[in-house]
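Heads up, the thing below is written out as structure tokens.
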Amino acid sequence: MGDDGRDRGVPQRRIEFVAQIVLFHSVYGLRPAVSAAAERLRAAGHVVHTPDLYEGRVFDDVEAGTAYQEEIGNDELLRRAVGAVAPLLSSGGAAGEGLVYAGFSLGGALAQNLALADERARGLLLLHGTSDIREDARTGIPVQLHVAEPDPFESEDWLNAWYLLMSRAGADVEVHRYRGAGHLYTDPELPDHDAEAAERTWSAALAFLAELDG
């Protein structure tokens with residue numbers, strides 16, 4: 001036994017990659033499913049931040065959530081998202097190695113916008129949502145998208161165009177489709193929920209995050 005209390009005869013466990021993840025909620029707000037997802041990622045060893053862009057408001061149906069989103073406005077939501085991330089970018093530490101941006105539906109769109117604007121972004125994990133891409137966008141980050149098939153908010157034509165634009169920008173993109181699942185199928189308290197698709201999603205997402213160390 002050495003002075004530091006470790007048994008020299010026992011191989012030390014390799015320290016796995018720890019991602020610092022910013023996980024944005026959907027149009028429904030910071031629902032329990034978002035917190036549960038964050039805990040799942042933390043259990044895998046990652047650091048997860050879940051900004052509340054609705055300042056405490058949570059909704060149970062998409063119409064009410066969408067109405068509140070429109071009341072706030074997309075520009076203000078993006079401003080709030082940027083404000084939530086700014087302290088992480090300036091704090092050093094794990095963020096100095098680059099943030100992983102992630103989000104559900106609306107939160108995915110916000111995560112994509114921030115990731116493409118951050119030259120130090122480590123990765124982008126999109127759950128149920130994407131955003132427009134400028135023709136001159138450039139990025140080399142790994143991107144993983146999980147989406148229902150079909151999805152009323154992410155049409156086949158749009159997803160094909162999104163994939164081509166993202167690949168043209170230089171991103172390393174993989175897309176996972178879940179036939180028959182509802183739009184926000186990872187939330188167990190919504191009618192969209194599909195338990196089997198959700199488990200497949202989290203399994204692939206955790207593998208994606210682990211590979212960012214490469």
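If you're wondering about the labels, chains in the structure tokens are A, B, ... by order shown, residues count from 1 in each chain, ligands from 1 in order shown.
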
Report task. Could you find all residues in segment 12-191 of chain A that DSSP calls strand (DSSP E) from the backbone, and write them as JSON, numbers by chain? Result -> {"A": [20, 21, 22, 23, 24, 47, 48, 49, 100, 101, 102, 103, 104, 123, 124, 125, 126, 127, 142, 143, 144, 145, 146, 147, 148, 149, 172, 173, 174, 175, 176, 177, 178, 179]}

Please report as CSV every residue of segment 166-206 of chain A lying within 6 Å of segment 135-140 of chain A, along with the nearest atom pair and their distance in Å (one decimal), using only C-alpha atoms.
```
residue,atom,partner,partner_atom,distance
A:Ala169,CA,A:Arg138,CA,4.4
A:Gly170,CA,A:Gly140,CA,5.0
A:Ala171,CA,A:Gly140,CA,4.6
```

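When the distance limit is 9 Å and only C-alpha atoms are what count, the residues near Pro150 of chain A, minus those fewer than 5 positions from it on the same chain, are Ser155, Glu156, Arg177, Tyr178, Arg179, Gly180, Ala181, Gly182 and His183 of chain A.
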
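Shortest separation to Asp213 of chain A among A:Val82, A:Val100, A:Leu159, A:Ala148 occurs at residue A:Val100, atoms counted being only C-alpha atoms.
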
Report task. Using only C-alpha atoms, pick whichever of A:Leu88, A:Ala197, A:Val27, A:Val58 has the shortest atom-to-atom distance to Glu70 of chain A. Result -> A:Val27

**Report entry** Gap from atom CA of His128 of chain A to atom CA of Gly98 of chain A - Å, one decimal
**Finding:**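 Interatomic distance here is 23.1 Å.
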
Report task. Going by DSSP on the backbone, which bits of segment 7-62 of chain A are helix (DSSP H, G or I)? Write them as a PyMOL selection string, please. Result -> chain A and resi 32-43+62

Using the selection just defined, write its residues with N, CA and C atoms as a PDB file, in the first residue's frame.
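As written to disk, out16.pdb reads:
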```
ATOM      1  N   PRO A  32     -40.560  16.778 -15.639  1.00  0.00           N
ATOM      2  CA  PRO A  32     -39.816  15.730 -14.934  1.00  0.00           C
ATOM      3  C   PRO A  32     -38.996  14.841 -15.863  1.00  0.00           C
ATOM      4  N   ALA A  33     -39.477  14.630 -17.092  1.00  0.00           N
ATOM      5  CA  ALA A  33     -38.737  13.781 -18.026  1.00  0.00           C
ATOM      6  C   ALA A  33     -37.375  14.372 -18.362  1.00  0.00           C
ATOM      7  N   VAL A  34     -37.267  15.695 -18.391  1.00  0.00           N
ATOM      8  CA  VAL A  34     -35.980  16.335 -18.669  1.00  0.00           C
ATOM      9  C   VAL A  34     -35.026  16.103 -17.500  1.00  0.00           C
ATOM     10  N   SER A  35     -35.545  16.276 -16.294  1.00  0.00           N
ATOM     11  CA  SER A  35     -34.725  16.037 -15.102  1.00  0.00           C
ATOM     12  C   SER A  35     -34.298  14.574 -15.017  1.00  0.00           C
ATOM     13  N   ALA A  36     -35.209  13.658 -15.373  1.00  0.00           N
ATOM     14  CA  ALA A  36     -34.883  12.235 -15.352  1.00  0.00           C
ATOM     15  C   ALA A  36     -33.807  11.906 -16.386  1.00  0.00           C
ATOM     16  N   ALA A  37     -33.900  12.541 -17.554  1.00  0.00           N
ATOM     17  CA  ALA A  37     -32.876  12.340 -18.576  1.00  0.00           C
ATOM     18  C   ALA A  37     -31.524  12.843 -18.091  1.00  0.00           C
ATOM     19  N   ALA A  38     -31.529  13.990 -17.437  1.00  0.00           N
ATOM     20  CA  ALA A  38     -30.284  14.540 -16.903  1.00  0.00           C
ATOM     21  C   ALA A  38     -29.674  13.591 -15.877  1.00  0.00           C
ATOM     22  N   GLU A  39     -30.520  13.002 -15.023  1.00  0.00           N
ATOM     23  CA  GLU A  39     -30.011  12.068 -14.021  1.00  0.00           C
ATOM     24  C   GLU A  39     -29.446  10.803 -14.668  1.00  0.00           C
ATOM     25  N   ARG A  40     -30.067  10.373 -15.749  1.00  0.00           N
ATOM     26  CA  ARG A  40     -29.553   9.204 -16.464  1.00  0.00           C
ATOM     27  C   ARG A  40     -28.149   9.488 -17.010  1.00  0.00           C
ATOM     28  N   LEU A  41     -27.968  10.686 -17.551  1.00  0.00           N
ATOM     29  CA  LEU A  41     -26.660  11.077 -18.086  1.00  0.00           C
ATOM     30  C   LEU A  41     -25.638  11.258 -16.965  1.00  0.00           C
ATOM     31  N   ARG A  42     -26.089  11.804 -15.838  1.00  0.00           N
ATOM     32  CA  ARG A  42     -25.184  11.970 -14.691  1.00  0.00           C
ATOM     33  C   ARG A  42     -24.752  10.615 -14.146  1.00  0.00           C
ATOM     34  N   ALA A  43     -25.667   9.650 -14.164  1.00  0.00           N
ATOM     35  CA  ALA A  43     -25.336   8.317 -13.671  1.00  0.00           C
ATOM     36  C   ALA A  43     -24.235   7.671 -14.511  1.00  0.00           C
ATOM     37  N   VAL A  62     -49.356  20.368 -25.836  1.00  0.00           N
ATOM     38  CA  VAL A  62     -48.496  21.081 -26.774  1.00  0.00           C
ATOM     39  C   VAL A  62     -49.073  22.435 -27.172  1.00  0.00           C
TER      40      VAL A  62
END
```

Report task. Would you mind listing what lies within 7 Å of segment 110-125 of chain A as an NGL selection string, with only C-alpha atoms counted and same-chain residues fewer than 5 positions away left out? Result -> :A and (24 or 78 or 98-103 or 130-131 or 139 or 141-145)

Suppose we keep N, CA and C atoms; can you now write the selection as a compact mmCIF listing (two decimals), in the first residue's frame?
```txt
# COMPACT_ATOMS: atom_id res chain seq x y z
N PHE A 24 -31.40 21.29 -23.12
CA PHE A 24 -32.51 22.23 -23.18
C PHE A 24 -33.86 21.51 -23.29
N LEU A 78 -33.81 32.25 -27.58
CA LEU A 78 -32.41 32.07 -27.94
C LEU A 78 -31.51 32.93 -27.06
N GLY A 98 -14.78 21.99 -24.20
CA GLY A 98 -15.89 22.07 -25.12
C GLY A 98 -17.17 21.49 -24.55
N LEU A 99 -18.26 22.21 -24.72
CA LEU A 99 -19.56 21.74 -24.25
C LEU A 99 -20.20 20.79 -25.26
N VAL A 100 -21.01 19.90 -24.75
CA VAL A 100 -21.91 19.11 -25.59
C VAL A 100 -23.28 19.74 -25.46
N TYR A 101 -23.87 20.12 -26.58
CA TYR A 101 -25.18 20.73 -26.60
C TYR A 101 -26.22 19.66 -26.91
N ALA A 102 -27.33 19.69 -26.17
CA ALA A 102 -28.38 18.69 -26.36
C ALA A 102 -29.73 19.33 -26.08
N GLY A 103 -30.79 18.75 -26.63
CA GLY A 103 -32.11 19.31 -26.36
C GLY A 103 -33.23 18.46 -26.92
N THR A 130 -34.76 19.62 -34.84
CA THR A 130 -33.63 20.22 -35.54
C THR A 130 -33.92 21.70 -35.76
N SER A 131 -33.00 22.38 -36.44
CA SER A 131 -33.21 23.79 -36.76
C SER A 131 -32.67 24.06 -38.15
N THR A 139 -18.78 23.47 -39.41
CA THR A 139 -18.53 22.84 -38.12
C THR A 139 -17.97 21.45 -38.36
N ILE A 141 -18.21 19.10 -35.71
CA ILE A 141 -18.63 18.34 -34.53
C ILE A 141 -19.41 17.07 -34.89
N PRO A 142 -19.34 16.06 -34.03
CA PRO A 142 -20.21 14.89 -34.18
C PRO A 142 -21.64 15.28 -33.80
N VAL A 143 -22.59 14.77 -34.57
CA VAL A 143 -24.00 15.08 -34.34
C VAL A 143 -24.80 13.78 -34.36
N GLN A 144 -25.66 13.62 -33.35
CA GLN A 144 -26.55 12.47 -33.33
C GLN A 144 -27.99 12.97 -33.19
N LEU A 145 -28.86 12.53 -34.11
CA LEU A 145 -30.27 12.91 -34.11
C LEU A 145 -31.14 11.69 -33.89
```

Query - Distance criterion (only C-alpha atoms): nearest to His146 of chain A out of A:Glu189, A:Ala161, A:Ala205, A:Pro87 - result: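 Under the stated criterion, the closest residue is A:Ala205.
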
Requested in this report: Go ahead and compute the interatomic distance for atom CA of Leu209 of chain A and atom CA of Ala86 of chain A, in Å to one decimal.
Outcome: 21.9 Å

Query raised in the report: With only C-alpha atoms as the atoms that count, which of A:Asp151, A:Glu55, A:Asp132, A:Glu211 lies nearest to Tyr68 of chain A?
Result: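 Closest candidate: A:Glu55.
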